[in-house]
file data-v6.cif (mmCIF, C-alpha atoms)
data_query
#
loop_
_atom_site.label_atom_id
_atom_site.label_comp_id
_atom_site.auth_asym_id
_atom_site.auth_seq_id
_atom_site.Cartn_x
_atom_site.Cartn_y
_atom_site.Cartn_z
CA MET A 285 0.00 0.00 0.00
CA HIS A 286 1.32 3.37 -0.92
CA GLY A 287 1.42 6.38 1.34
CA SER A 288 -1.04 9.20 1.60
CA ARG A 289 -1.63 9.27 -2.12
CA GLY A 290 -4.40 11.77 -1.49
CA VAL A 291 -1.52 14.20 -1.28
CA GLY A 292 -2.11 14.42 -5.01
CA ALA A 293 -4.86 16.83 -4.16
CA PHE A 294 -2.58 19.80 -4.29
CA ALA A 295 -0.17 19.60 -7.16
CA GLY A 296 -2.22 21.26 -9.84
CA ARG A 297 -4.01 23.90 -7.87
CA LYS A 298 -1.32 26.22 -6.69
CA ARG A 299 0.19 26.92 -10.09
CA ALA A 300 -1.81 30.12 -10.27
CA SER A 301 -4.07 30.57 -7.27
CA ALA A 302 -1.44 30.80 -4.55
CA VAL A 303 0.68 33.18 -6.55
CA VAL A 304 -2.31 35.40 -7.19
CA LEU A 305 -3.42 35.26 -3.58
CA GLY A 306 0.07 35.86 -2.25
CA ALA A 307 0.39 38.89 -4.45
CA ALA A 308 -3.08 40.10 -3.49
CA LEU A 309 -2.25 39.83 0.18
CA LEU A 310 0.86 41.89 -0.35
CA ILE A 311 -1.05 44.52 -2.27
CA THR A 312 -3.97 44.83 0.13
CA GLY A 313 -1.83 44.52 3.24
CA CYS A 314 -4.73 42.66 4.86
CA SER A 315 -4.86 45.08 7.75
CA SER A 316 -6.40 43.77 10.93
CA SER A 317 -9.66 45.48 11.71
CA ASP A 318 -10.47 44.11 15.17
CA ASP A 319 -9.11 42.05 18.02
CA LYS A 320 -10.19 38.87 16.24
CA GLY A 321 -7.81 39.63 13.43
CA GLY A 322 -10.50 40.35 10.86
CA GLU A 323 -9.31 41.16 7.35
CA PRO A 324 -10.87 42.16 4.06
CA ASP A 325 -12.48 38.95 2.81
CA ALA A 326 -14.51 37.36 0.04
CA GLY A 327 -17.73 38.73 1.49
CA ALA A 328 -18.45 35.73 3.68
CA GLY A 329 -17.65 37.48 6.96
CA ILE A 330 -14.91 35.03 7.91
CA THR A 331 -12.96 35.86 11.08
CA GLN A 332 -10.30 34.10 13.14
CA GLN A 333 -10.82 31.30 15.63
CA PRO A 334 -9.93 31.87 19.34
CA LYS A 335 -6.16 32.08 19.53
CA ASP A 336 -5.75 30.11 22.77
CA SER A 337 -7.14 26.92 21.25
CA ASP A 338 -6.53 27.51 17.54
CA PRO A 339 -3.60 29.83 16.80
CA PHE A 340 -3.53 29.15 13.06
CA TRP A 341 -4.59 31.68 10.45
CA VAL A 342 -7.97 31.45 8.76
CA ASN A 343 -7.71 32.73 5.20
CA PRO A 344 -10.77 35.00 4.76
CA ASP A 345 -10.43 34.79 0.98
CA GLY A 346 -9.95 31.05 0.46
CA ASN A 347 -11.91 28.83 -1.92
CA ALA A 348 -14.45 27.87 0.72
CA ALA A 349 -15.02 31.51 1.74
CA ARG A 350 -15.58 32.46 -1.89
CA GLN A 351 -18.04 29.59 -2.25
CA VAL A 352 -19.96 30.77 0.81
CA ALA A 353 -20.20 34.29 -0.58
CA ALA A 354 -21.40 33.02 -3.96
CA LEU A 355 -24.03 30.74 -2.43
CA GLU A 356 -25.33 33.49 -0.15
CA LYS A 357 -25.54 35.86 -3.10
CA ASP A 358 -27.66 33.25 -4.90
CA GLY A 359 -29.92 32.89 -1.88
CA ARG A 360 -28.79 29.32 -1.19
CA LYS A 361 -28.50 29.86 2.54
CA ALA A 362 -28.57 26.22 3.64
CA GLU A 363 -25.74 25.24 1.32
CA ALA A 364 -23.76 28.32 2.31
CA GLY A 365 -24.14 27.30 5.93
CA GLN A 366 -22.66 23.88 5.17
CA ILE A 367 -19.64 25.26 3.30
CA ARG A 368 -19.12 27.76 6.12
CA LYS A 369 -18.10 24.78 8.28
CA ILE A 370 -15.01 24.60 6.08
CA ALA A 371 -14.49 28.30 5.44
CA GLU A 372 -14.32 29.20 9.14
CA GLN A 373 -11.42 26.85 9.89
CA PRO A 374 -7.71 27.38 9.21
CA VAL A 375 -6.43 25.22 6.37
CA ALA A 376 -2.90 24.82 5.10
CA GLU A 377 -1.53 26.89 2.25
CA TRP A 378 0.45 24.69 -0.16
CA ILE A 379 3.35 26.66 -1.62
CA SER A 380 3.76 26.15 -5.38
CA PRO A 381 7.09 26.35 -7.24
CA GLU A 382 6.33 29.68 -8.86
CA ASN A 383 7.37 32.64 -6.73
CA PRO A 384 7.66 30.72 -3.44
CA GLU A 385 9.19 33.70 -1.65
CA GLU A 386 6.26 35.96 -2.55
CA GLN A 387 3.71 33.33 -1.53
CA ALA A 388 5.36 32.62 1.81
CA ARG A 389 5.67 36.34 2.50
CA GLY A 390 2.06 37.02 1.57
CA PHE A 391 0.62 34.29 3.74
CA THR A 392 2.84 34.94 6.76
CA GLU A 393 2.31 38.70 6.61
CA ALA A 394 -1.47 38.26 6.48
CA ALA A 395 -1.34 35.78 9.35
CA ASP A 396 0.96 37.95 11.42
CA LYS A 397 -1.28 40.98 11.00
CA ALA A 398 -4.15 38.85 12.27
CA ASP A 399 -1.96 37.80 15.23
CA ARG A 400 -2.01 34.19 14.05
CA THR A 401 0.43 31.59 12.72
CA ALA A 402 0.56 30.66 9.04
CA LEU A 403 0.26 26.95 8.28
CA LEU A 404 2.28 26.09 5.18
CA VAL A 405 3.03 22.90 3.26
CA LEU A 406 6.07 22.28 1.10
CA TYR A 407 5.35 19.62 -1.52
CA ASN A 408 7.91 20.01 -4.28
CA ILE A 409 10.50 17.28 -3.74
CA PRO A 410 12.01 16.00 -7.01
CA HIS A 411 10.36 12.83 -8.42
CA ARG A 412 7.27 13.48 -6.32
CA ASP A 413 4.31 11.08 -6.10
CA CYS A 414 5.85 8.31 -8.23
CA GLY A 415 3.99 9.20 -11.42
CA GLN A 416 0.54 9.46 -9.85
CA TYR A 417 -1.89 12.41 -9.99
CA SER A 418 0.64 14.78 -8.43
CA GLN A 419 3.75 13.66 -10.25
CA GLY A 420 6.39 16.28 -10.74
CA GLY A 421 8.17 18.41 -8.20
CA ALA A 422 11.36 20.37 -8.56
CA SER A 423 13.45 19.51 -11.63
CA ASP A 424 16.54 18.68 -9.58
CA GLY A 425 18.20 19.08 -6.21
CA ASN A 426 19.44 22.60 -6.84
CA ALA A 427 15.99 23.74 -7.94
CA TYR A 428 14.57 22.30 -4.73
CA ARG A 429 17.17 24.05 -2.59
CA ASP A 430 16.34 27.32 -4.33
CA PHE A 431 12.65 26.68 -3.64
CA VAL A 432 13.27 26.13 0.08
CA ASP A 433 15.54 29.18 0.23
CA GLY A 434 12.75 31.27 -1.30
CA VAL A 435 10.20 30.01 1.21
CA ALA A 436 12.58 30.73 4.10
CA LYS A 437 13.19 34.28 2.85
CA GLY A 438 9.46 34.82 2.52
CA ILE A 439 8.73 33.61 6.05
CA GLY A 440 11.50 35.59 7.71
CA ASP A 441 10.93 36.11 11.43
CA ARG A 442 7.14 35.79 11.23
CA PRO A 443 5.40 32.80 12.88
CA ALA A 444 4.89 29.78 10.65
CA THR A 445 4.28 26.06 11.01
CA VAL A 446 5.52 24.02 8.06
CA ILE A 447 4.49 20.50 7.06
CA LEU A 448 7.47 19.22 5.10
CA GLU A 449 7.02 17.06 2.00
CA PRO A 450 4.07 14.70 2.46
CA ASP A 451 4.96 11.13 1.40
CA ALA A 452 8.60 11.96 0.65
CA VAL A 453 10.08 9.71 3.34
CA LEU A 454 7.36 7.10 3.05
CA HIS A 455 8.00 6.60 -0.65
CA LEU A 456 11.67 5.98 0.09
CA VAL A 457 10.60 3.06 2.26
CA ASP A 458 7.71 1.51 0.33
CA GLY A 459 9.64 1.02 -2.90
CA CYS A 460 7.82 3.74 -4.79
CA THR A 461 10.81 6.06 -5.25
CA PRO A 462 13.70 4.47 -7.20
CA GLU A 463 16.85 3.70 -5.22
CA GLU A 464 18.95 6.04 -7.32
CA PHE A 465 17.12 9.06 -5.86
CA HIS A 466 17.30 8.05 -2.19
CA GLU A 467 20.58 9.62 -1.13
CA GLU A 468 19.72 12.96 -2.70
CA ARG A 469 16.25 13.01 -1.16
CA TYR A 470 17.57 12.42 2.34
CA ASP A 471 20.06 15.23 1.81
CA LEU A 472 17.38 17.59 0.49
CA LEU A 473 14.99 16.88 3.35
CA LYS A 474 17.67 17.27 6.01
CA GLY A 475 18.76 20.52 4.39
CA ALA A 476 15.20 21.82 4.29
CA VAL A 477 14.68 21.05 7.97
CA ALA A 478 17.91 22.85 8.86
CA LYS A 479 17.08 25.88 6.70
CA LEU A 480 13.59 26.30 8.11
CA LYS A 481 14.63 25.64 11.70
CA GLY A 482 17.18 28.40 11.30
CA LEU A 483 14.28 30.85 11.24
CA ARG A 484 13.28 32.50 14.49
CA ASN A 485 9.59 31.53 14.71
CA THR A 486 9.13 28.55 12.39
CA LYS A 487 8.12 25.05 13.45
CA VAL A 488 8.74 22.12 11.13
CA TYR A 489 6.98 18.75 11.02
CA LEU A 490 8.44 16.12 8.70
CA ASP A 491 5.77 13.90 7.15
CA ALA A 492 5.63 10.31 8.38
CA GLY A 493 2.79 8.60 6.53
CA ASN A 494 -0.42 7.30 8.08
CA ALA A 495 -1.92 4.60 10.25
CA GLY A 496 -2.84 2.45 7.24
CA TRP A 497 0.72 2.04 6.13
CA GLY A 498 3.24 -0.50 7.35
CA ASN A 499 4.90 -0.38 10.71
CA PRO A 500 6.79 2.38 12.51
CA ASP A 501 9.78 0.01 12.60
CA GLN A 502 10.10 0.53 8.85
CA ILE A 503 10.19 4.30 8.85
CA HIS A 504 11.73 5.57 12.09
CA GLU A 505 15.34 5.30 10.89
CA PRO A 506 14.58 6.90 7.49
CA LEU A 507 12.90 9.76 9.35
CA LYS A 508 16.10 10.27 11.34
CA TRP A 509 18.16 10.21 8.15
CA ALA A 510 15.81 12.89 6.80
CA GLY A 511 16.36 15.16 9.80
CA VAL A 512 13.47 14.53 12.18
CA ASP A 513 15.82 14.96 15.15
CA GLN A 514 16.27 18.61 14.17
CA ALA A 515 12.58 19.11 13.37
CA ASP A 516 9.87 19.94 15.90
CA GLY A 517 8.24 16.62 15.17
CA PHE A 518 6.41 14.78 12.41
CA SER A 519 2.99 14.77 10.73
CA VAL A 520 0.62 11.86 10.17
CA ASN A 521 -2.51 11.21 8.09
CA VAL A 522 -1.89 14.03 5.60
CA SER A 523 -4.63 13.90 2.95
CA ASN A 524 -5.86 10.61 4.37
CA PHE A 525 -8.87 9.40 6.32
CA TYR A 526 -7.69 7.32 9.26
CA SER A 527 -9.43 8.18 12.49
CA THR A 528 -7.85 10.44 15.04
CA GLU A 529 -7.65 7.52 17.47
CA GLU A 530 -5.82 5.35 14.92
CA SER A 531 -3.55 8.25 14.05
CA ILE A 532 -2.68 8.90 17.70
CA ALA A 533 -1.83 5.22 18.19
CA TYR A 534 0.38 5.18 15.08
CA GLY A 535 2.05 8.45 16.01
CA LYS A 536 2.78 7.34 19.57
CA ARG A 537 4.43 4.13 18.38
CA LEU A 538 6.57 6.15 16.00
CA SER A 539 7.32 8.79 18.63
CA ALA A 540 8.68 6.11 20.94
CA LYS A 541 11.21 5.21 18.23
CA THR A 542 12.22 8.79 17.44
CA GLY A 543 13.23 10.02 20.85
CA GLY A 544 9.76 11.03 21.98
CA LYS A 545 9.12 13.48 19.14
CA PRO A 546 5.65 15.07 19.17
CA PHE A 547 3.44 15.05 16.10
CA VAL A 548 0.48 16.68 14.38
CA ILE A 549 -2.51 14.94 12.79
CA ASP A 550 -4.41 15.91 9.67
CA THR A 551 -8.05 15.62 10.75
CA SER A 552 -9.52 17.44 7.75
CA ARG A 553 -11.56 14.54 6.33
CA ASN A 554 -11.32 11.73 8.86
CA GLY A 555 -14.72 12.15 10.52
CA ASN A 556 -16.01 8.83 9.15
CA GLY A 557 -12.68 7.04 8.95
CA PRO A 558 -11.25 5.47 5.78
CA TYR A 559 -13.23 4.24 2.77
CA THR A 560 -13.16 0.47 2.47
CA ALA A 561 -14.99 -0.24 -0.81
CA GLY A 562 -13.74 -0.25 -4.37
CA ALA A 563 -10.21 -0.84 -5.62
CA ALA A 564 -7.75 -0.72 -2.72
CA ASP A 565 -5.23 1.44 -4.58
CA GLU A 566 -7.89 4.09 -5.30
CA ARG A 567 -9.63 4.29 -1.92
CA TRP A 568 -7.71 7.44 -1.02
CA CYS A 569 -8.97 9.31 -4.08
CA ASN A 570 -12.19 11.31 -3.60
CA PRO A 571 -13.85 8.57 -1.54
CA PRO A 572 -17.60 8.98 -1.04
CA GLY A 573 -19.31 9.15 2.33
CA ARG A 574 -16.49 10.90 4.17
CA ALA A 575 -16.87 13.71 6.70
CA LEU A 576 -14.88 16.57 8.19
CA GLY A 577 -12.91 15.59 11.28
CA GLU A 578 -12.02 17.44 14.47
CA THR A 579 -11.59 21.12 13.88
CA PRO A 580 -8.03 22.45 14.10
CA THR A 581 -6.81 22.99 17.64
CA THR A 582 -3.76 22.72 19.86
CA LYS A 583 -5.94 21.25 22.63
CA THR A 584 -5.67 17.57 21.74
CA ALA A 585 -6.39 14.22 23.35
CA ASP A 586 -2.74 13.36 24.01
CA PRO A 587 0.27 15.39 25.21
CA LEU A 588 2.37 14.04 22.32
CA VAL A 589 -0.05 15.50 19.78
CA ASP A 590 0.88 19.15 19.23
CA ALA A 591 -2.19 19.89 17.10
CA TYR A 592 -5.04 18.66 14.99
CA LEU A 593 -4.67 20.42 11.65
CA TRP A 594 -6.52 20.65 8.36
CA VAL A 595 -3.52 20.04 6.12
CA LYS A 596 -5.56 18.70 3.24
CA ARG A 597 -7.94 21.44 2.09
CA PRO A 598 -11.48 20.01 2.37
CA GLY A 599 -13.44 20.43 -0.84
CA GLU A 600 -10.49 20.28 -3.19
CA SER A 601 -10.19 17.25 -5.45
CA ASP A 602 -7.71 14.42 -4.94
CA GLY A 603 -7.46 13.90 -8.68
CA GLU A 604 -9.43 12.86 -11.74
CA CYS A 605 -11.13 9.87 -10.17
CA LYS A 606 -14.74 9.15 -9.16
CA GLY A 607 -15.88 12.08 -11.27
CA GLY A 608 -13.54 14.61 -9.71
CA PRO A 609 -11.72 17.48 -11.43
CA LYS A 610 -7.94 17.76 -11.58
CA ALA A 611 -5.97 17.43 -8.37
CA GLY A 612 -6.32 20.48 -6.17
CA GLN A 613 -9.30 22.07 -7.92
CA TRP A 614 -12.27 23.13 -5.81
CA TRP A 615 -15.14 20.64 -6.12
CA ALA A 616 -18.27 22.19 -4.66
CA ASP A 617 -20.39 19.03 -4.70
CA TYR A 618 -17.76 17.07 -2.79
CA ALA A 619 -17.32 19.90 -0.31
CA LEU A 620 -21.06 19.92 0.37
CA LYS A 621 -21.07 16.18 0.96
CA LEU A 622 -18.12 16.40 3.35
CA ALA A 623 -19.75 19.18 5.33
CA GLY A 624 -23.22 17.63 5.17
CA SER A 625 -21.92 14.37 6.66
CA THR A 626 -20.48 16.28 9.59
CA GLY A 627 -22.42 16.92 12.77
#

call {"tool": "encode", "arguments": {"input": "data-v6.cif", "output": "structure tokens"}}
result
Amino acid sequence: MHGSRGVGAFAGRKRASAVVLGAALLITGCSSSDDKGGEPDAGAGITQQPKDSDPFWVNPDGNAARQVAALEKDGRKAEAGQIRKIAEQPVAEWISPENPEEQARGFTEAADKADRTALLVLYNIPHRDCGQYSQGGASDGNAYRDFVDGVAKGIGDRPATVILEPDAVLHLVDGCTPEEFHEERYDLLKGAVAKLKGLRNTKVYLDAGNAGWGNPDQIHEPLKWAGVDQADGFSVNVSNFYSTEESIAYGKRLSAKTGGKPFVIDTSRNGNGPYTAGAADERWCNPPGRALGETPTTKTADPLVDAYLWVKRPGESDGECKGGPKAGQWWADYALKLAGSTG
């Protein structure tokens, strides 16, 4: 079984949207208008969550917020109310290869002005996703180092939490990434951890797969080779559907083998657990009947869990499967089903 696979959800999207948004944030300045950190938004009236339990930035102009505004304008109040469940929560911003410095600066400046922390994902490792929906990544090691350097410059001293390269370590272990690329990938990941940890207010979590994959015995040493000792911890369940309980159990077993490192869990779509029908190698891709999971918070069920996060952006497609659009594109019908299945 391969890793998150659903990570494919993001490759196509950010080619234009993040660059545009990052630039827009820089232009508008996104000045805070109240003590909740309110900013100019898509018209949906999106504000920040309470900082003590959820310190991460809610983008008031994200896809879900725009969908809410459009539905309300059309008088579709019930549907708008469902999508608002997504729009009101902080979701990760996936940095695309084009203009990474400008994107990182735009997101972290907007978050900082709202007195919140930007949640960013770097997903650009060379030979990414083993030819699946999100194949690609940086053209070579030097291009990747330049990408990470740009992100680091963009973040600067502002607060940020970075999820580093979903599936990158896992695919070194499961046979998906050819052996010839292993040494370089370990070097690139370790270098990225070091670069980002050199920033004053940046936390880094190196991705470590999910509860449905293998055994922690298979991945704990590769995580160390990739720099987890220097990172703040690791992430689990990115773009996947395993329950929070299963993810905590997996993470705790892995933590015990990595010097007690804490971890974060992607709870964005795990409300109903994993999909078990259909072809096993496609269960991760736009599975029906799923639901939003626990909302993002730093108040978790275990002291080793630093946060529940929405790393995968609910409502954006995993890829062209089960009737979905290209990976990373907003899919309103799927978003409504996710939200509608959530209490």

call {"tool": "resolve_selection", "arguments": {"input": "data-v6.cif", "expression": "the PyMOL selection byres ((chain A and resi 339) around 12)", "output": "PyMOL selection string"}}
result
chain A and resi 320-321+332-338+340-342+373-375+395-396+398-403+443-445+580-583+590-593

call {"tool": "resolve_selection", "arguments": {"input": "data-v6.cif", "expression": "the PyMOL selection byres ((chain A and resi 495) around 7)", "output": "list of chain:residue names"}}
result
A:Asn494, A:Gly496, A:Trp497, A:Asn521, A:Tyr526, A:Glu530, A:Ser531, A:Tyr534

call {"tool": "residues_around", "arguments": {"input": "data-v6.cif", "residues": "A:Gly421", "least_positions_apart": "3", "cutoff": "8 Å", "atoms": "only C-alpha atoms", "output": "PDB file with C-alpha atoms, in the frame of the given file"}}
result
ATOM      1  CA  TYR A 407       5.350  19.620  -1.520  1.00  0.00           C
ATOM      2  CA  ASN A 408       7.910  20.010  -4.280  1.00  0.00           C
ATOM      3  CA  ILE A 409      10.500  17.280  -3.740  1.00  0.00           C
ATOM      4  CA  PRO A 410      12.010  16.000  -7.010  1.00  0.00           C
ATOM      5  CA  HIS A 411      10.360  12.830  -8.420  1.00  0.00           C
ATOM      6  CA  ARG A 412       7.270  13.480  -6.320  1.00  0.00           C
TER       7      ARG A 412
END

call {"tool": "residues_around", "arguments": {"input": "data-v6.cif", "residues": "A:Glu356", "least_positions_apart": "4", "cutoff": "12 Å", "atoms": "all atoms listed in the file", "output": "count of residues only"}}
result
17

call {"tool": "closest_residue", "arguments": {"input": "data-v6.cif", "among": "A:Ala353, A:Ala533, A:Ala492, A:Ala585", "to": "A:Leu456", "atoms": "only C-alpha atoms"}}
result
A:Ala492

call {"tool": "resolve_selection", "arguments": {"input": "data-v6.cif", "expression": "the PyMOL selection byres ((chain A and resi 489) around 6)", "output": "list in words"}}
result
Ile447, Leu448, Val488, Leu490, Asp516, Gly517, Phe518 and Ser519 of chain A

call {"tool": "atom_distance", "arguments": {"input": "data-v6.cif", "atom1": "atom CA of A:Gly612", "atom2": "atom CA of A:Glu377"}}
result
11.6 Å

call {"tool": "residues_around", "arguments": {"input": "data-v6.cif", "residues": "A:Tyr428", "least_positions_apart": "2", "cutoff": "9 Å", "atoms": "all atoms listed in the file", "output": "VMD selection string"}}
result
chain A and resid 381 408 to 410 421 to 426 430 to 433 472

call {"tool": "residues_around", "arguments": {"input": "data-v6.cif", "residues": "A:Leu454", "least_positions_apart": "5", "cutoff": "10 Å", "atoms": "all atoms listed in the file", "output": "PyMOL selection string"}}
result
chain A and resi 286-288+459-461+491-494+497-498+502-503+506-507

call {"tool": "write_last_selection", "arguments": {"input": "data-v6.cif", "atoms": "C-alpha atoms", "output": "short mmCIF file (atom, residue, chain, number, x, y, z; two decimals), in the frame of the given file"}}
result
data_model
loop_
_atom_site.label_atom_id
_atom_site.label_comp_id
_atom_site.auth_asym_id
_atom_site.auth_seq_id
_atom_site.Cartn_x
_atom_site.Cartn_y
_atom_site.Cartn_z
CA HIS A 286 1.32 3.37 -0.92
CA GLY A 287 1.42 6.38 1.34
CA SER A 288 -1.04 9.20 1.60
CA GLY A 459 9.64 1.02 -2.90
CA CYS A 460 7.82 3.74 -4.79
CA THR A 461 10.81 6.06 -5.25
CA ASP A 491 5.77 13.90 7.15
CA ALA A 492 5.63 10.31 8.38
CA GLY A 493 2.79 8.60 6.53
CA ASN A 494 -0.42 7.30 8.08
CA TRP A 497 0.72 2.04 6.13
CA GLY A 498 3.24 -0.50 7.35
CA GLN A 502 10.10 0.53 8.85
CA ILE A 503 10.19 4.30 8.85
CA PRO A 506 14.58 6.90 7.49
CA LEU A 507 12.90 9.76 9.35
#

call {"tool": "closest_residue", "arguments": {"input": "data-v6.cif", "among": "A:Leu406, A:Ile379, A:Ala436, A:Ala354", "to": "A:Leu480", "atoms": "all atoms listed in the file"}}
result
A:Ala436
